[in-house]
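I have placed the structure first, in the form of structure tokens, so that the comments after it can refer back to it.
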Amino acid sequence: MAQHSDRLLQASKLVAEHAEYTDYCCEQLQISQTWALASLVQRSSNSLAVVTQGNQKCYTVDLQAKTCTCGHFQANSIPCGHAIALLESLQNDDLDTP
Ligand SMILES: [Zn+2]
């Protein structure tokens with residue numbers, strides 16, 4: 001509970017300073033990026049995909065609904081590693097386009 005209060009206090013200060021991300025959010029995004037590196041993305045559209053982790057577990061990501069079957073994306077609105085993997089897959093396609 002104290003941790004939640006600390007995060008809320010920090011977030012309030014950052015909003016007052018017009019900063020975009022809390023330390024907690026940055027930390028979670030870094031963890032998600034690490035997970036994304038070892039994932040395989042099978043897209044059915046630009047917002048929907050099945051992401052297979054390095055340990056072969058599969059999760060379905062829906063970017064429009066901001067959900068993932070792992071439950072983390074919708075729990076705190078910070079993209080999980082599966083969502084980051086899909087976003088990076090989309091970004092790589094854009095980079096490959098001449
Ligand atoms: Zn996920």
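Residues in the structure tokens are named by chain (A, B, ... in the order shown) and by number from 1 within that chain; ligands are numbered from 1 in the order shown.
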Within 12 Å of ligand 1 (only C-alpha atoms and all ligand atoms), residues as a PyMOL selection string: chain A and resi 29+31-33+35-36+39+41+49-53+57-63+66-86
DSSP helix (DSSP H, G or I) selection over chain A, as a ChimeraX atom specification: /A:2-16,23-37,72-76,81-96
